[in-house]
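Participant: Dumping the structure here so I can ask a few things about it.
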Amino acid sequence: MGLLEGKKALVFGVANDHSIAWGIAQALHEQGAMVGFSSIAELLNKRVRPLAESLDATFIEPCNVQNDDEVAAVFDKWKKQYGTLDILVHSLAFAGRDALSGQFVNTTRDQFQLALDISAYSLVALTRAALPVLQAGSSVLAMTYYASEKYVPNYNVMAVAKAALEACARYLAVDLGPQGIRVNCISAGPIRTLAAQGVADFKLMHKKFKEVAPLRRLITIEDVGNAAVWLASDLSSATTGEVLFVDGGVNLLALAAPDE
Ligand code: NAD
Ligand code: 0WE
């Protein structure tokens, strides 16, 4: 019997089979959850639908999280089709490519607004729109990155967006706690997804990560999916407003241990 038997999940942010959202969706499904999908319209038919159908999904709906009407429409549809939602997964982020290189001091107002809107405010927008279907025991999950706390070269405005996302999760956790709804973040180590593609020196980051990580290996979308199962399940019933690191221990380092 799976840990999520009888639960219904809605996952935002699958772009392809490398997406963290896809790793989470598969892990939730493996534990018995019914999983629905929402992604931006352009990705839906050629990329997301085949993946979703391989997990027997019957809910595959478009949503650009910048658009309040599209956000409302997804949850209206969910309510009509399923009535309640146990697991809401936010696995999306965006900043203009130009903002992710060069000096942070040059971040424009437009770049800042776009990154914070898509990557942080959207958690508030999705959670509020989901409230009519969320219930006691429901779990909301969002993906973050350690650069919210400590400097990472080139992450720039996304670091500010992740700091905002984590703060949003804490405030949502307090708002919704009395209703028995939990809100948490998973902070993953670097994974080669579409969003990591073309990131300056990502290959080098990967190499360094593997060398210094206490667990001496890279992080996979399966690792993240398994952590998501715990946070989505009743096993984590007293955990809310937290950031759970799935990073092989890298966040605990002040200085890498010397090579053996
Ligand atoms: P990905 O490219 O597979 O997923 C990002 C998703 O964001 C895509 O599906 C994209 O369509 C979606 N998106 C962008 N703008 C959107 C909008 N306006 N409306 C709706 N969806 C939109 O990359 P990923 O690495 O799987 O990213 C998922 C999450 O994980 C992000 O929050 C990212 O910041 C976070 N994260 C990634 C890593 C990593 O190294 N890959 C590490 C830690 C955290
Ligand atoms: O959160 C992320 C990805 C964030 C991201 C990446 C892109 C690249 C393509 C958001 N928006 C865009 N927009 C694009 O046009 N990660 C944690 C992966 C990541 O991204 C980095 C990293 C790491 C790690 C960017 C710079 C430096 C390190």
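Just remember, in the structure tokens the first chain shown is A, the second B, etc., residues are 1-based per chain, and ligands are 1-based in the order shown.
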Collect all residues with atoms no farther than 8 Å from ligand 1, counting only C-alpha atoms and all ligand atoms, and output them as JSON, numbers by chain.
Facilitator: {"A": [12, 13, 14, 15, 16, 17, 18, 19, 20, 21, 22, 38, 39, 40, 43, 63, 64, 65, 66, 90, 91, 92, 93, 94, 118, 119, 142, 143, 144, 145, 146, 158, 162, 186, 187, 188, 189, 190, 191, 192, 193, 194, 195, 196]}
Participant: Give me the residues near Ala125 (chain A) as JSON, numbers by chain, where near means some atom within 12 Å (using only C-alpha atoms) and where sequence neighbours in that chain fewer than 4 positions away do not count.
Facilitator: {"A": [63, 64, 65, 66, 67, 68, 69, 70, 71, 72, 74, 75, 90, 117, 118, 119, 120, 121, 129, 130, 131, 165, 168, 169, 172]}
Participant: Those residues with N, CA, C and O atoms, as a tab-separated table (two decimals), in the first residue's frame please?
Facilitator:
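Dumped to again.tsv:
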chain	number	residue	atom	x	y	z
A	63	CYS	N	-1.56	26.76	-18.00
A	63	CYS	CA	-1.61	27.92	-17.11
A	63	CYS	C	-0.27	28.65	-17.14
A	63	CYS	O	0.77	28.08	-16.82
A	64	ASN	N	-0.35	29.91	-17.55
A	64	ASN	CA	0.77	30.82	-17.34
A	64	ASN	C	0.50	31.49	-16.01
A	64	ASN	O	-0.50	32.19	-15.85
A	65	VAL	N	1.39	31.29	-15.04
A	65	VAL	CA	1.12	31.76	-13.67
A	65	VAL	C	1.14	33.28	-13.54
A	65	VAL	O	0.80	33.82	-12.50
A	66	GLN	N	1.50	33.97	-14.60
A	66	GLN	CA	1.44	35.44	-14.59
A	66	GLN	C	0.02	35.95	-14.80
A	66	GLN	O	-0.25	37.14	-14.62
A	67	ASN	N	-0.87	35.05	-15.23
A	67	ASN	CA	-2.21	35.45	-15.61
A	67	ASN	C	-3.25	34.96	-14.60
A	67	ASN	O	-3.50	33.76	-14.47
A	68	ASP	N	-3.87	35.90	-13.87
A	68	ASP	CA	-4.83	35.55	-12.82
A	68	ASP	C	-6.02	34.74	-13.35
A	68	ASP	O	-6.52	33.85	-12.66
A	69	ASP	N	-6.47	35.05	-14.57
A	69	ASP	CA	-7.62	34.33	-15.13
A	69	ASP	C	-7.27	32.87	-15.41
A	69	ASP	O	-8.07	31.97	-15.15
A	70	GLU	N	-6.06	32.66	-15.92
A	70	GLU	CA	-5.63	31.28	-16.20
A	70	GLU	C	-5.45	30.49	-14.90
A	70	GLU	O	-5.79	29.31	-14.83
A	71	VAL	N	-4.95	31.15	-13.87
A	71	VAL	CA	-4.79	30.50	-12.56
A	71	VAL	C	-6.16	30.10	-12.02
A	71	VAL	O	-6.37	28.96	-11.60
A	72	ALA	N	-7.10	31.04	-12.06
A	72	ALA	CA	-8.46	30.76	-11.57
A	72	ALA	C	-9.10	29.62	-12.35
A	72	ALA	O	-9.73	28.73	-11.77
A	74	VAL	N	-7.77	27.04	-13.93
A	74	VAL	CA	-7.24	25.71	-13.60
A	74	VAL	C	-7.93	25.15	-12.36
A	74	VAL	O	-8.36	23.99	-12.34
A	75	PHE	N	-8.05	25.98	-11.32
A	75	PHE	CA	-8.62	25.47	-10.06
A	75	PHE	C	-10.15	25.33	-10.12
A	75	PHE	O	-10.70	24.46	-9.45
A	90	HIS	N	4.50	23.34	-6.67
A	90	HIS	CA	4.98	24.52	-7.41
A	90	HIS	C	6.43	24.24	-7.76
A	90	HIS	O	7.29	24.20	-6.88
A	117	ASP	N	7.69	37.95	-9.95
A	117	ASP	CA	6.29	37.62	-10.26
A	117	ASP	C	6.15	36.12	-10.55
A	117	ASP	O	5.36	35.42	-9.91
A	118	ILE	N	6.95	35.63	-11.51
A	118	ILE	CA	6.82	34.22	-11.92
A	118	ILE	C	7.34	33.27	-10.85
A	118	ILE	O	6.75	32.22	-10.61
A	119	SER	N	8.44	33.64	-10.18
A	119	SER	CA	9.14	32.67	-9.33
A	119	SER	C	8.70	32.70	-7.87
A	119	SER	O	8.92	31.73	-7.15
A	120	ALA	N	8.12	33.81	-7.41
A	120	ALA	CA	7.75	33.91	-5.99
A	120	ALA	C	6.26	34.24	-5.80
A	120	ALA	O	5.54	33.47	-5.16
A	121	TYR	N	5.77	35.33	-6.40
A	121	TYR	CA	4.36	35.66	-6.20
A	121	TYR	C	3.44	34.53	-6.65
A	121	TYR	O	2.37	34.32	-6.04
A	129	ALA	N	-5.70	30.52	-4.97
A	129	ALA	CA	-6.69	29.98	-5.91
A	129	ALA	C	-7.06	28.54	-5.54
A	129	ALA	O	-8.17	28.09	-5.82
A	130	ALA	N	-6.12	27.84	-4.89
A	130	ALA	CA	-6.36	26.43	-4.52
A	130	ALA	C	-7.17	26.30	-3.23
A	130	ALA	O	-7.72	25.22	-2.96
A	131	LEU	N	-7.26	27.36	-2.44
A	131	LEU	CA	-7.90	27.25	-1.11
A	131	LEU	C	-9.27	26.58	-1.11
A	131	LEU	O	-9.54	25.76	-0.23
A	165	LEU	N	10.43	33.60	-2.26
A	165	LEU	CA	9.61	32.38	-2.30
A	165	LEU	C	9.58	31.70	-0.93
A	165	LEU	O	8.51	31.30	-0.45
A	168	CYS	N	7.51	33.68	1.42
A	168	CYS	CA	6.09	33.47	1.07
A	168	CYS	C	5.61	32.15	1.68
A	168	CYS	O	4.52	32.08	2.25
A	169	ALA	N	6.42	31.11	1.56
A	169	ALA	CA	6.04	29.79	2.10
A	169	ALA	C	5.84	29.87	3.62
A	169	ALA	O	4.90	29.28	4.16
A	172	LEU	N	2.56	31.82	4.26
A	172	LEU	CA	1.42	30.96	3.89
A	172	LEU	C	1.23	29.87	4.94
A	172	LEU	O	0.10	29.53	5.30
Participant: Write out as a list in words the residues lying within 6 Å of region 227-244 of chain A, counting only C-alpha atoms and excluding same-chain residues fewer than 5 positions away.
Facilitator: Leu28, Ser139, Ala169, Arg170, Ala173, Arg182, Val183, Asn184, Cys185, Ile186 and Ser187 of chain A
Participant: So which residues touch Lys210 (chain A) within 12 Å, counting only C-alpha atoms, skipping near sequence neighbours fewer than 3 positions away, as a count of residues only?
Facilitator: 20
Participant: Which parts of region 71-137 of chain A does DSSP call alpha helix (DSSP H) when run on the backbone here, written out as a list in words?
Facilitator: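 Of region 71-137 of chain A, the ones in alpha helix (DSSP H) are Val71, Ala72, Ala73, Val74, Phe75, Asp76, Lys77, Trp78, Lys79, Lys80, Gln81, Tyr82, Arg109, Asp110, Gln111, Phe112, Gln113, Leu114, Ala115, Leu116, Ser122, Leu123, Val124, Ala125, Leu126, Thr127, Arg128, Ala129 and Ala130 of chain A.
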Participant: List as a PyMOL selection string the protein and nucleic acid residues near region 81-89 of chain A, meaning an atom at most 8 Å away when only C-alpha atoms are counted, but skip any in the same chain fewer than 6 places from it.
Facilitator: chain A and resi 7-12+21+127+130+132-135+137-142+232
Participant: Just to be explicit: take each residue in the selection above, keep all heavy atoms, and write the result as a compact mmCIF listing (two decimals), in the first residue's frame.
Facilitator:
# COMPACT_ATOMS: atom_id res chain seq x y z
N LYS A 7 -4.82 9.95 -2.37
CA LYS A 7 -4.57 11.40 -2.44
C LYS A 7 -4.52 11.87 -3.89
O LYS A 7 -4.13 11.13 -4.79
CB LYS A 7 -3.26 11.75 -1.71
CG LYS A 7 -3.35 11.58 -0.19
CD LYS A 7 -2.15 12.24 0.49
CE LYS A 7 -2.02 11.89 1.95
NZ LYS A 7 -2.86 12.72 2.84
N LYS A 8 -4.90 13.15 -4.06
CA LYS A 8 -4.91 13.77 -5.39
C LYS A 8 -3.91 14.92 -5.42
O LYS A 8 -3.93 15.78 -4.55
CB LYS A 8 -6.32 14.29 -5.72
CG LYS A 8 -7.35 13.18 -5.89
CD LYS A 8 -8.77 13.72 -5.96
CE LYS A 8 -9.32 14.05 -4.60
NZ LYS A 8 -10.77 14.38 -4.59
N ALA A 9 -3.05 14.92 -6.44
CA ALA A 9 -1.99 15.92 -6.55
C ALA A 9 -2.12 16.71 -7.85
O ALA A 9 -2.55 16.17 -8.87
CB ALA A 9 -0.63 15.23 -6.50
N LEU A 10 -1.74 17.98 -7.80
CA LEU A 10 -1.67 18.81 -9.01
C LEU A 10 -0.26 19.41 -9.07
O LEU A 10 0.17 20.09 -8.14
CB LEU A 10 -2.75 19.91 -8.96
CG LEU A 10 -2.80 20.88 -10.14
CD1 LEU A 10 -2.87 20.19 -11.48
CD2 LEU A 10 -4.01 21.83 -9.97
N VAL A 11 0.43 19.11 -10.17
CA VAL A 11 1.84 19.47 -10.31
C VAL A 11 2.01 20.55 -11.39
O VAL A 11 1.66 20.34 -12.56
CB VAL A 11 2.68 18.22 -10.68
CG1 VAL A 11 4.14 18.60 -10.96
CG2 VAL A 11 2.60 17.18 -9.56
N PHE A 12 2.56 21.69 -10.99
CA PHE A 12 2.87 22.79 -11.92
C PHE A 12 4.37 22.77 -12.23
O PHE A 12 5.18 22.70 -11.30
CB PHE A 12 2.53 24.15 -11.30
CG PHE A 12 1.06 24.43 -11.22
CD1 PHE A 12 0.29 23.86 -10.21
CD2 PHE A 12 0.44 25.25 -12.14
CE1 PHE A 12 -1.08 24.11 -10.14
CE2 PHE A 12 -0.92 25.51 -12.08
CZ PHE A 12 -1.68 24.94 -11.08
N ALA A 21 9.79 18.73 -11.60
CA ALA A 21 8.35 18.47 -11.45
C ALA A 21 7.98 17.06 -11.92
O ALA A 21 7.10 16.41 -11.36
CB ALA A 21 7.53 19.51 -12.22
N THR A 127 -1.63 29.18 -4.40
CA THR A 127 -2.15 28.68 -3.11
C THR A 127 -3.51 29.30 -2.81
O THR A 127 -4.44 28.60 -2.39
CB THR A 127 -1.13 28.98 -1.99
OG1 THR A 127 0.11 28.36 -2.33
CG2 THR A 127 -1.61 28.43 -0.65
N ALA A 130 -6.12 27.84 -4.89
CA ALA A 130 -6.36 26.43 -4.52
C ALA A 130 -7.17 26.30 -3.23
O ALA A 130 -7.72 25.22 -2.96
CB ALA A 130 -5.03 25.69 -4.37
N PRO A 132 -10.14 26.88 -2.08
CA PRO A 132 -11.45 26.22 -2.07
C PRO A 132 -11.39 24.69 -2.19
O PRO A 132 -12.36 24.02 -1.82
CB PRO A 132 -12.16 26.82 -3.29
CG PRO A 132 -11.47 28.12 -3.54
CD PRO A 132 -10.04 27.91 -3.13
N VAL A 133 -10.29 24.16 -2.70
CA VAL A 133 -10.19 22.70 -2.83
C VAL A 133 -9.24 22.07 -1.82
O VAL A 133 -9.23 20.84 -1.63
CB VAL A 133 -9.82 22.25 -4.28
CG1 VAL A 133 -10.98 22.50 -5.23
CG2 VAL A 133 -8.56 22.93 -4.78
N LEU A 134 -8.41 22.89 -1.17
CA LEU A 134 -7.49 22.35 -0.16
C LEU A 134 -8.29 22.02 1.10
O LEU A 134 -9.33 22.64 1.37
CB LEU A 134 -6.37 23.35 0.15
CG LEU A 134 -5.41 23.66 -1.00
CD1 LEU A 134 -4.41 24.75 -0.60
CD2 LEU A 134 -4.67 22.41 -1.48
N GLN A 135 -7.78 21.08 1.90
CA GLN A 135 -8.49 20.66 3.11
C GLN A 135 -7.48 20.29 4.19
O GLN A 135 -6.27 20.23 3.91
CB GLN A 135 -9.40 19.48 2.79
CG GLN A 135 -8.66 18.33 2.09
CD GLN A 135 -9.58 17.20 1.64
OE1 GLN A 135 -10.74 17.15 2.00
NE2 GLN A 135 -9.02 16.28 0.85
N GLY A 137 -4.91 18.46 6.18
CA GLY A 137 -4.05 17.37 5.70
C GLY A 137 -3.41 17.66 4.36
O GLY A 137 -2.48 16.96 3.96
N SER A 138 -3.91 18.69 3.66
CA SER A 138 -3.31 19.02 2.36
C SER A 138 -1.90 19.59 2.54
O SER A 138 -1.59 20.20 3.56
CB SER A 138 -4.18 20.03 1.59
OG SER A 138 -5.40 19.46 1.20
N SER A 139 -1.06 19.40 1.52
CA SER A 139 0.34 19.81 1.57
C SER A 139 0.70 20.59 0.32
O SER A 139 0.41 20.16 -0.79
CB SER A 139 1.21 18.54 1.68
OG SER A 139 2.58 18.85 1.61
N VAL A 140 1.32 21.76 0.52
CA VAL A 140 1.78 22.60 -0.60
C VAL A 140 3.31 22.55 -0.60
O VAL A 140 3.94 22.70 0.45
CB VAL A 140 1.29 24.05 -0.44
CG1 VAL A 140 1.81 24.94 -1.57
CG2 VAL A 140 -0.24 24.10 -0.36
N LEU A 141 3.90 22.33 -1.78
CA LEU A 141 5.36 22.20 -1.92
C LEU A 141 5.88 23.16 -2.97
O LEU A 141 5.28 23.30 -4.03
CB LEU A 141 5.71 20.81 -2.45
CG LEU A 141 5.52 19.62 -1.54
CD1 LEU A 141 5.98 18.36 -2.26
CD2 LEU A 141 6.38 19.85 -0.32
N ALA A 142 7.03 23.78 -2.69
CA ALA A 142 7.67 24.64 -3.69
C ALA A 142 9.17 24.34 -3.74
O ALA A 142 9.77 23.94 -2.74
CB ALA A 142 7.44 26.11 -3.35
N ALA A 232 4.65 15.44 1.19
CA ALA A 232 3.25 15.37 0.74
C ALA A 232 2.43 14.42 1.60
O ALA A 232 1.22 14.50 1.65
CB ALA A 232 3.21 14.92 -0.72
Participant: I need the residue nearest ligand 2 from this list: A:Phe202, A:Phe104, A:Phe209, A:Phe245. Use only C-alpha atoms and all ligand atoms for the distance.
Facilitator: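 Of the candidates, the smallest distance to ligand 2 is held by A:Phe202.
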Participant: Which residue is closest to Val199 (chain A)? Choose from A:Ala95, A:Leu44, A:Ala52, A:Ile181 and count only C-alpha atoms.
Facilitator: A:Ala95
Participant: Would you compute the distance between atom 17 (C, counted along the ligand's line) of ligand 2 and CA of Glu149 (chain A)? Give it in Å to one decimal.
Facilitator: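 For atom 17 (C, counted along the ligand's line) of ligand 2 relative to CA of Glu149 (chain A), the distance reads 12.6 Å.
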